[in-house]
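To start, the structure under review is shown below, and the notes come after it.
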Amino acid sequence: MQTRLDSWRLVLPAILLGAKEIPASPTVKAHALAYYTLGQTPANSLSTPAMNTEPDGSTLLLAVGRGNIAAFTRVPTDNLGNAPCIQLGPTHGYIPQYPDSGTALYAYPSATGGAGQIITASTVADDEITLVAVEVKDGGVIQDCQWNEVLQGNPLTSESVTTTGPATLVAFWWGDGNETFTHLAVPNNGFTVIESLLPTGLLVQTAVATKDVTAAGSYNVTWDSGGLEGAQLYLVAVQNTPPVLQAQITGGSMAITWPISGSYRLETSTNLSATNAWMAVTNEPASLGSLNVLTNPVPSGNRFFRLRKT
């Protein structure tokens, strides 16, 4: 894997260069959907199928649609102990058609993951509920999140989100139609549907689409619902932040720190002009809170350090 460096910090007197690596661009990895139709809540709890998510460095978006808006006092949980689950904006009722039903969006901005990760939403008897989980790999920052509701007969265009660099956009469509017709939700602008629940019936219909963008900008999406219904629309932009490699010299000792999360390896070199001169630092770092800490004597001559994504 090629390592690209976008900034340097000079620390005297050892002529030590710290570096920030350009992080991998975020992208969707795991995702899952689960639902109950009206009255089909035998355990008053709904869980997604197990997902194989990244150990760290991901953002998890959790979207919930409910027939009983009063049940939104119950926040989703996961089986790996992530907390807190943050609600992105308020709960939104379907106004004016179905004010007692609604949707909400939640997130674990920097989640612990692994094999068999499951998201659970508790509910109440005689509720209809749909739960969607989307993992954005190499996430960490929810750069922007917008919601709007568009009623039947109008273009189903989301609000725009603004990014400052490469990002993954995740769009949620929550239809407001009734149970008597087959639903349709087709996005434009290069979005790809990754999950959908669109049959007739007493349930909360949804569709989820994503798009990776490589540059800063303003983005939206328009959904084609066949003119038969309106929808609640969410659009989220998830970005990454580079890890910071820092050094501090005290007396004859030098302490280098970098984040534990993100799976980065420390490398060193004495010659920046030689691209093949970088070697892994094999000393085992200590842990201090969320940081790796490596303490060594101050080196003589020039010594350079960088982080490489593993």
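FYI, nothing fancy with the structure tokens labels: chains A, B, ... in order, residues from 1 per chain, ligands from 1 as they appear.
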Considering only C-alpha atoms, return as a compact mmCIF listing (two decimals) with C-alpha atoms, in the first residue's frame whatever protein or nucleic-acid residues lie within 12 Å of Asp176 (chain A), sequence-local ones (same chain, fewer than 3 positions apart) excluded.
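Result file follows (around36.txt):
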```txt
# COMPACT_ATOMS: atom_id res chain seq x y z
CA GLY A 65 -39.11 3.91 11.27
CA ARG A 66 -42.01 3.20 13.64
CA GLY A 67 -45.76 3.05 13.42
CA GLY A 93 -43.57 12.49 12.60
CA TYR A 94 -45.27 12.07 9.23
CA ILE A 95 -47.05 15.41 9.01
CA PRO A 96 -49.90 15.75 8.15
CA GLN A 97 -50.85 12.21 7.07
CA TYR A 98 -49.64 10.02 9.94
CA PRO A 99 -48.48 12.18 12.89
CA SER A 101 -45.84 7.43 13.12
CA GLY A 102 -42.34 8.64 12.42
CA THR A 103 -38.63 8.14 11.85
CA GLU A 149 -40.22 15.77 4.18
CA VAL A 150 -41.71 16.05 0.69
CA LEU A 151 -45.40 15.40 0.16
CA GLN A 152 -46.96 13.51 -2.75
CA LEU A 156 -38.58 14.05 -3.75
CA TRP A 173 -36.01 7.21 1.92
CA GLU A 179 -50.41 -0.43 2.29
CA PHE A 181 -49.84 -0.40 -3.62
CA HIS A 183 -43.80 1.12 -3.48
CA LEU A 184 -41.01 2.55 -5.60
CA ALA A 185 -37.82 4.35 -4.55
CA LEU A 198 -40.91 -1.83 -0.56
CA LEU A 202 -48.79 -2.82 7.08
CA LEU A 203 -45.12 -2.01 7.54
CA VAL A 204 -42.72 0.93 7.37
CA GLN A 205 -41.29 1.00 3.83
CA THR A 206 -37.74 2.25 3.32
CA SER A 225 -41.43 7.20 -6.14
CA GLY A 227 -45.66 9.92 -8.21
CA LEU A 228 -47.70 7.80 -5.80
CA GLU A 229 -46.35 9.02 -2.48
CA GLY A 230 -44.22 11.44 -0.58
CA ALA A 231 -41.37 10.57 1.76
CA GLN A 232 -39.15 11.60 4.60
CA LEU A 233 -35.58 12.01 3.33
```
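Those residues that approach region 253-262 of chain A to within 8 Å, counting only C-alpha atoms, are Asp56, Gly57, Asp138, Pro243, Val244, Leu245, Gln246, Ala247, Gln248, Ile249, Ser287, Ser290, Leu291, Asn292, Val293, Leu294, Thr295, Asn296, Pro297, Val298 and Lys309 of chain A; same-chain residues fewer than 4 positions away are not listed.
Take the candidates A:Thr162, A:Asn148, A:Thr73, A:Thr91 and check each one against Ala121 (chain A) using only C-alpha atoms; the shortest distance goes to A:Thr73.
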Identify, with DSSP run on backbone atoms, the residues in region 124-308 of chain A assigned to strand (DSSP E), and express the list as number ranges by chain.
A: 129-137, 141-150, 156-157, 161-163, 167-175, 186-187, 192-197, 206-213, 217-219, 222-224, 231-239, 246-250, 253-259, 264-269, 279-280, 286-288, 291-297, 303-308
Just C-alpha atoms for this one: save the residues we selected as a tab-separated table (two decimals), in the first residue's frame.
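Output file again.tsv follows:
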```tsv
chain	number	residue	atom	x	y	z
A	129	ILE	CA	-40.98	-1.10	12.96
A	130	THR	CA	-38.13	-1.11	10.43
A	131	LEU	CA	-34.47	-0.96	11.48
A	132	VAL	CA	-31.51	-0.30	9.16
A	133	ALA	CA	-27.79	-0.32	10.06
A	134	VAL	CA	-25.08	1.00	7.73
A	135	GLU	CA	-21.35	0.81	8.47
A	136	VAL	CA	-19.14	3.48	6.89
A	137	LYS	CA	-15.61	2.09	6.94
A	141	VAL	CA	-16.75	12.34	11.43
A	142	ILE	CA	-20.39	13.02	10.61
A	143	GLN	CA	-19.68	16.07	8.50
A	144	ASP	CA	-23.27	16.98	7.68
A	145	CYS	CA	-26.76	15.55	8.18
A	146	GLN	CA	-29.98	16.90	6.65
A	147	TRP	CA	-33.66	15.89	6.84
A	148	ASN	CA	-36.73	17.03	4.96
A	149	GLU	CA	-40.22	15.77	4.18
A	150	VAL	CA	-41.71	16.05	0.69
A	156	LEU	CA	-38.58	14.05	-3.75
A	157	THR	CA	-35.33	15.98	-3.51
A	161	VAL	CA	-25.05	18.23	2.46
A	162	THR	CA	-21.67	19.91	2.24
A	163	THR	CA	-18.36	18.04	2.46
A	167	ALA	CA	-16.86	11.38	1.92
A	168	THR	CA	-19.48	8.68	1.86
A	169	LEU	CA	-23.04	9.91	1.40
A	170	VAL	CA	-25.85	7.78	2.84
A	171	ALA	CA	-29.44	8.57	1.79
A	172	PHE	CA	-32.54	7.20	3.52
A	173	TRP	CA	-36.01	7.21	1.92
A	174	TRP	CA	-38.99	6.58	4.22
A	175	GLY	CA	-42.21	6.46	2.22
A	186	VAL	CA	-35.16	4.99	-7.20
A	187	PRO	CA	-32.38	7.54	-6.50
A	192	THR	CA	-26.75	2.98	-5.42
A	193	VAL	CA	-29.48	1.26	-3.40
A	194	ILE	CA	-27.99	-1.13	-0.79
A	195	GLU	CA	-31.13	-1.95	1.23
A	196	SER	CA	-34.85	-1.66	0.52
A	197	LEU	CA	-38.19	-2.76	1.91
A	206	THR	CA	-37.74	2.25	3.32
A	207	ALA	CA	-34.81	2.36	0.90
A	208	VAL	CA	-31.17	3.20	1.54
A	209	ALA	CA	-28.68	4.37	-1.10
A	210	THR	CA	-25.03	5.39	-0.92
A	211	LYS	CA	-22.45	7.26	-2.96
A	212	ASP	CA	-18.72	7.87	-2.44
A	213	VAL	CA	-17.49	11.32	-3.43
A	217	GLY	CA	-18.73	19.96	-2.54
A	218	SER	CA	-22.47	20.20	-2.03
A	219	TYR	CA	-24.56	17.10	-2.83
A	222	THR	CA	-33.78	13.01	-5.85
A	223	TRP	CA	-35.87	9.86	-5.46
A	224	ASP	CA	-38.42	8.63	-8.00
A	231	ALA	CA	-41.37	10.57	1.76
A	232	GLN	CA	-39.15	11.60	4.60
A	233	LEU	CA	-35.58	12.01	3.33
A	234	TYR	CA	-32.30	11.90	5.24
A	235	LEU	CA	-28.90	12.56	3.71
A	236	VAL	CA	-25.71	12.06	5.74
A	237	ALA	CA	-22.09	12.82	4.82
A	238	VAL	CA	-19.44	10.81	6.68
A	239	GLN	CA	-15.77	11.78	6.44
A	246	GLN	CA	3.41	13.81	17.68
A	247	ALA	CA	6.74	13.90	19.49
A	248	GLN	CA	7.95	15.48	22.72
A	249	ILE	CA	11.56	15.68	23.90
A	250	THR	CA	12.32	15.87	27.62
A	253	SER	CA	14.25	11.08	26.09
A	254	MET	CA	11.86	11.35	23.18
A	255	ALA	CA	8.18	10.29	23.45
A	256	ILE	CA	6.23	9.62	20.25
A	257	THR	CA	2.42	9.35	20.41
A	258	TRP	CA	-0.27	8.32	17.92
A	259	PRO	CA	-3.90	7.08	18.20
A	264	TYR	CA	-1.68	2.37	12.02
A	265	ARG	CA	1.93	1.17	12.09
A	266	LEU	CA	4.85	3.41	13.04
A	267	GLU	CA	7.74	3.51	10.56
A	268	THR	CA	11.09	5.30	10.61
A	269	SER	CA	13.80	6.41	8.17
A	279	MET	CA	11.33	0.43	8.23
A	280	ALA	CA	8.75	-0.64	10.80
A	286	ALA	CA	2.72	1.57	25.92
A	287	SER	CA	-0.91	2.66	26.13
A	288	LEU	CA	-2.00	5.97	27.64
A	291	LEU	CA	-2.83	6.90	22.55
A	292	ASN	CA	0.12	4.65	21.82
A	293	VAL	CA	3.27	6.01	23.50
A	294	LEU	CA	6.79	4.98	22.47
A	295	THR	CA	9.70	6.34	24.54
A	296	ASN	CA	13.31	6.12	23.34
A	297	PRO	CA	16.57	8.04	23.77
A	303	ARG	CA	15.44	10.68	12.06
A	304	PHE	CA	12.00	10.70	10.41
A	305	PHE	CA	8.80	8.93	11.46
A	306	ARG	CA	5.49	8.28	9.73
A	307	LEU	CA	2.27	6.28	10.15
A	308	ARG	CA	1.20	3.66	7.62
```
